[in-house]
Structures are given as C-alpha cells and as structure tokens.
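What follows is work25.tsv (TSV, N, CA and C atoms).
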```
chain	number	residue	atom	x	y	z
A	1	LEU	N	118.48	135.32	96.21
A	1	LEU	CA	117.95	136.31	97.13
A	1	LEU	C	118.85	137.53	97.18
A	2	THR	N	118.22	138.66	97.41
A	2	THR	CA	119.02	139.86	97.61
A	2	THR	C	119.63	139.80	99.01
A	3	ALA	N	120.58	140.66	99.26
A	3	ALA	CA	121.21	140.69	100.59
A	3	ALA	C	120.17	140.99	101.67
A	4	GLU	N	119.22	141.88	101.36
A	4	GLU	CA	118.18	142.23	102.32
A	4	GLU	C	117.26	141.03	102.58
A	5	GLU	N	116.87	140.31	101.53
A	5	GLU	CA	116.02	139.13	101.69
A	5	GLU	C	116.74	138.03	102.46
A	6	ASP	N	118.02	137.86	102.18
A	6	ASP	CA	118.80	136.85	102.89
A	6	ASP	C	118.89	137.18	104.37
A	7	ALA	N	119.10	138.46	104.69
A	7	ALA	CA	119.15	138.87	106.10
A	7	ALA	C	117.80	138.67	106.77
A	8	GLU	N	116.72	138.97	106.07
A	8	GLU	CA	115.38	138.78	106.63
A	8	GLU	C	115.11	137.30	106.88
A	9	GLN	N	115.49	136.46	105.93
A	9	GLN	CA	115.29	135.02	106.10
A	9	GLN	C	116.12	134.49	107.27
A	10	THR	N	117.35	134.93	107.39
A	10	THR	CA	118.21	134.52	108.50
A	10	THR	C	117.61	134.94	109.83
A	11	HIS	N	117.08	136.15	109.88
A	11	HIS	CA	116.44	136.65	111.10
A	11	HIS	C	115.22	135.81	111.46
A	12	LEU	N	114.40	135.48	110.48
A	12	LEU	CA	113.21	134.67	110.72
A	12	LEU	C	113.58	133.28	111.22
A	13	VAL	N	114.56	132.66	110.61
A	13	VAL	CA	114.99	131.32	111.04
A	13	VAL	C	115.51	131.38	112.48
A	14	ALA	N	116.25	132.42	112.82
A	14	ALA	CA	116.77	132.56	114.19
A	14	ALA	C	115.62	132.75	115.18
A	15	ARG	N	114.62	133.53	114.83
A	15	ARG	CA	113.47	133.74	115.73
A	15	ARG	C	112.71	132.43	115.93
A	16	LEU	N	112.52	131.67	114.87
A	16	LEU	CA	111.82	130.39	114.98
A	16	LEU	C	112.61	129.41	115.84
A	17	ALA	N	113.92	129.39	115.68
A	17	ALA	CA	114.76	128.51	116.49
A	17	ALA	C	114.71	128.92	117.96
A	18	ALA	N	114.72	130.21	118.22
A	18	ALA	CA	114.66	130.70	119.60
A	18	ALA	C	113.33	130.30	120.23
A	19	TYR	N	112.24	130.45	119.50
A	19	TYR	CA	110.93	130.05	120.03
A	19	TYR	C	110.90	128.55	120.29
A	20	GLY	N	111.48	127.77	119.40
A	20	GLY	CA	111.48	126.31	119.55
A	20	GLY	C	112.16	125.85	120.82
A	21	ALA	N	113.02	126.67	121.38
A	21	ALA	CA	113.73	126.30	122.61
A	21	ALA	C	112.98	126.72	123.87
A	22	THR	N	111.84	127.39	123.72
A	22	THR	CA	111.11	127.86	124.89
A	22	THR	C	110.27	126.74	125.51
A	23	PRO	N	109.98	126.86	126.79
A	23	PRO	CA	109.10	125.87	127.43
A	23	PRO	C	107.73	125.77	126.76
A	24	GLU	N	107.21	126.91	126.29
A	24	GLU	CA	105.90	126.88	125.63
A	24	GLU	C	105.95	126.03	124.36
A	25	ALA	N	106.95	126.23	123.54
A	25	ALA	CA	107.05	125.46	122.30
A	25	ALA	C	107.21	123.97	122.61
A	26	GLN	N	108.02	123.65	123.59
A	26	GLN	CA	108.21	122.25	123.96
A	26	GLN	C	106.92	121.64	124.50
A	27	ALA	N	106.17	122.41	125.28
A	27	ALA	CA	104.89	121.92	125.80
A	27	ALA	C	103.89	121.72	124.67
A	28	ARG	N	103.85	122.65	123.73
A	28	ARG	CA	102.92	122.49	122.61
A	28	ARG	C	103.29	121.29	121.75
A	29	ASN	N	104.56	121.04	121.58
A	29	ASN	CA	104.99	119.84	120.85
A	29	ASN	C	104.57	118.57	121.60
A	30	ARG	N	104.67	118.61	122.91
A	30	ARG	CA	104.26	117.45	123.73
A	30	ARG	C	102.75	117.24	123.63
A	31	ILE	N	101.98	118.32	123.61
A	31	ILE	CA	100.53	118.21	123.43
A	31	ILE	C	100.21	117.48	122.13
A	32	VAL	N	100.85	117.90	121.06
A	32	VAL	CA	100.62	117.26	119.76
A	32	VAL	C	101.01	115.79	119.83
A	33	SER	N	102.13	115.51	120.44
A	33	SER	CA	102.58	114.12	120.57
A	33	SER	C	101.57	113.27	121.33
A	34	LEU	N	101.03	113.82	122.41
A	34	LEU	CA	100.04	113.07	123.19
A	34	LEU	C	98.74	112.89	122.41
A	35	ILE	N	98.33	113.91	121.69
A	35	ILE	CA	97.10	113.81	120.89
A	35	ILE	C	97.27	112.75	119.81
A	36	LEU	N	98.43	112.72	119.18
A	36	LEU	CA	98.68	111.74	118.13
A	36	LEU	C	98.80	110.32	118.69
A	37	GLY	N	98.99	110.22	120.00
A	37	GLY	CA	99.05	108.92	120.65
A	37	GLY	C	97.73	108.18	120.62
A	38	GLY	N	96.69	108.89	120.30
A	38	GLY	CA	95.39	108.25	120.17
A	38	GLY	C	94.51	108.46	121.37
A	39	PRO	N	93.26	108.03	121.25
A	39	PRO	CA	92.27	108.28	122.30
A	39	PRO	C	92.46	107.39	123.53
A	40	ARG	N	93.29	106.40	123.46
A	40	ARG	CA	93.44	105.46	124.59
A	40	ARG	C	94.71	105.74	125.39
A	41	LEU	N	94.82	106.95	125.84
A	41	LEU	CA	95.96	107.32	126.67
A	41	LEU	C	95.76	106.75	128.07
A	42	SER	N	96.87	106.41	128.71
A	42	SER	CA	96.79	105.98	130.10
A	42	SER	C	96.30	107.15	130.95
A	43	ALA	N	95.91	106.87	132.15
A	43	ALA	CA	95.43	107.92	133.05
A	43	ALA	C	96.52	108.96	133.30
A	44	ASP	N	97.76	108.51	133.44
A	44	ASP	CA	98.86	109.44	133.67
A	44	ASP	C	99.08	110.36	132.47
A	45	LEU	N	99.03	109.78	131.26
A	45	LEU	CA	99.23	110.59	130.06
A	45	LEU	C	98.05	111.53	129.83
A	46	ARG	N	96.83	111.07	130.11
A	46	ARG	CA	95.64	111.93	130.00
A	46	ARG	C	95.77	113.10	130.97
A	47	SER	N	96.25	112.83	132.18
A	47	SER	CA	96.44	113.89	133.17
A	47	SER	C	97.49	114.89	132.70
A	48	GLU	N	98.58	114.37	132.13
A	48	GLU	CA	99.62	115.25	131.60
A	48	GLU	C	99.06	116.13	130.48
A	49	LEU	N	98.29	115.53	129.59
A	49	LEU	CA	97.69	116.29	128.48
A	49	LEU	C	96.75	117.37	129.01
A	50	ASP	N	95.91	117.01	129.95
A	50	ASP	CA	94.98	117.99	130.52
A	50	ASP	C	95.73	119.14	131.19
A	51	SER	N	96.79	118.82	131.90
A	51	SER	CA	97.58	119.84	132.58
A	51	SER	C	98.25	120.78	131.56
A	52	LEU	N	98.81	120.20	130.51
A	52	LEU	CA	99.46	121.03	129.49
A	52	LEU	C	98.45	121.91	128.77
A	53	ARG	N	97.27	121.35	128.47
A	53	ARG	CA	96.24	122.15	127.80
A	53	ARG	C	95.75	123.29	128.69
A	54	ALA	N	95.71	123.06	129.99
A	54	ALA	CA	95.30	124.12	130.91
A	54	ALA	C	96.32	125.25	130.93
A	55	ARG	N	97.61	124.89	130.89
A	55	ARG	CA	98.66	125.91	130.90
A	55	ARG	C	98.84	126.58	129.56
A	56	TYR	N	98.61	125.82	128.48
A	56	TYR	CA	98.82	126.33	127.12
A	56	TYR	C	97.60	126.05	126.27
A	57	PRO	N	96.53	126.86	126.45
A	57	PRO	CA	95.31	126.63	125.67
A	57	PRO	C	95.56	126.83	124.18
A	58	ALA	N	94.63	126.33	123.39
A	58	ALA	CA	94.75	126.46	121.94
A	58	ALA	C	94.88	127.93	121.56
A	59	LEU	N	95.70	128.18	120.56
A	59	LEU	CA	95.89	129.54	120.08
A	59	LEU	C	94.71	129.92	119.19
A	60	PRO	N	94.40	131.22	119.09
A	60	PRO	CA	93.31	131.63	118.21
A	60	PRO	C	93.67	131.32	116.75
A	61	LYS	N	92.65	131.07	115.97
A	61	LYS	CA	92.87	130.78	114.55
A	61	LYS	C	93.45	132.00	113.86
A	62	ASP	N	94.34	131.75	112.90
A	62	ASP	CA	94.95	132.81	112.12
A	62	ASP	C	93.89	133.39	111.17
A	63	PRO	N	93.63	134.70	111.23
A	63	PRO	CA	92.61	135.27	110.35
A	63	PRO	C	93.01	135.22	108.88
A	64	ASP	N	94.31	135.05	108.59
A	64	ASP	CA	94.80	134.95	107.22
A	64	ASP	C	95.65	133.69	107.10
A	65	PRO	N	95.00	132.52	106.98
A	65	PRO	CA	95.76	131.27	106.99
A	65	PRO	C	96.72	131.14	105.83
A	66	GLY	N	96.52	131.87	104.76
A	66	GLY	CA	97.44	131.80	103.62
A	66	GLY	C	98.79	132.42	103.90
A	67	PHE	N	98.85	133.34	104.87
A	67	PHE	CA	100.11	134.03	105.15
A	67	PHE	C	101.19	133.06	105.60
A	68	GLY	N	100.85	132.15	106.53
A	68	GLY	CA	101.84	131.19	107.03
A	68	GLY	C	102.36	130.30	105.93
A	69	VAL	N	101.48	129.91	105.02
A	69	VAL	CA	101.90	129.07	103.90
A	69	VAL	C	102.85	129.84	103.01
A	70	MET	N	102.51	131.09	102.73
A	70	MET	CA	103.37	131.88	101.86
A	70	MET	C	104.73	132.10	102.51
A	71	ALA	N	104.75	132.37	103.81
A	71	ALA	CA	106.01	132.60	104.50
A	71	ALA	C	106.85	131.33	104.47
A	72	PHE	N	106.21	130.18	104.67
A	72	PHE	CA	106.94	128.92	104.66
A	72	PHE	C	107.51	128.64	103.27
A	73	GLU	N	106.72	128.90	102.24
A	73	GLU	CA	107.17	128.62	100.88
A	73	GLU	C	108.39	129.48	100.51
A	74	THR	N	108.51	130.67	101.06
A	74	THR	CA	109.65	131.51	100.71
A	74	THR	C	110.94	131.00	101.35
A	75	LEU	N	110.82	130.18	102.40
A	75	LEU	CA	112.02	129.63	103.04
A	75	LEU	C	112.64	128.52	102.20
A	76	GLY	N	111.84	127.86	101.40
A	76	GLY	CA	112.31	126.72	100.61
A	76	GLY	C	113.11	127.18	99.47
```

Please go through the file and, once you have read it, give me the structure as structure tokens.
Amino acid sequence: LTAEEDAEQTHLVARLAAYGATPEAQARNRIVSLILGGPRLSADLRSELDSLRARYPALPKDPDPGFGVMAFETLG
C-alpha cells in the first residue's frame, strides 16, 4: 500500500472500531444474537428483542451492495 492508502485504511479501521463501541452497535449485535437464537425465545428475550427493534429499526438497504464487499476486500 502507498502511504496514503495505509493512512486511509488506518482511518477506516479506527472509525469502525469507534462505531463498534457505541450503544447502537452493541444493540444491533444483540438483535442479531437474539434472532439467531431461533424462533422459540422466552417471553423475556422476545420482549428484549421487540424493545431493541423499536429503538433500532432495520437500516435501509444499501443501494450499491457491491460497495461494502469491495471495501471489505481491500482491508484483507
């Protein structure tokens, strides 16, 4: 990588790490965890999932889904 590309990659990794530490990112990770738990969640877990989904609704679909893949591939 050039020095400019290395700096850009470092900046991107830092931004992703900063987002990962936010309450929103943690809540979205919990949503995924609960969904992967299967359809037979206890009433308490179903309530938690519903509450999290109300606070953090699904994000709009990416109009260019290939962009995220390309960005991810450049990190490898």

Exercise for review: Fewer than 2 positions away in the same chain doesn't count, so skip those; otherwise give me all residues within 10 Å of range 23-30 of chain A, counting only C-alpha atoms, as a ChimeraX atom specification.
Suggested key: /A:18-21,32-36,48-49,52-53,55-58

Point to revise | Atomic distance CA of Gly38 in chain A - atom N of Asp50 in chain A, expressed in Å with one decimal | key: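 Atom-to-atom, CA of Gly38 in chain A and atom N of Asp50 in chain A are spaced 13.1 Å apart.
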
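The space between CA of Leu59 in chain A and atom N of Thr22 in chain A spans 16.5 Å.
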
Point to revise | Å distance separating CA of Ile31 in chain A from CA of Pro60 in chain A, one decimal place | key: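 CA of Ile31 in chain A sits 16.1 Å away from CA of Pro60 in chain A.
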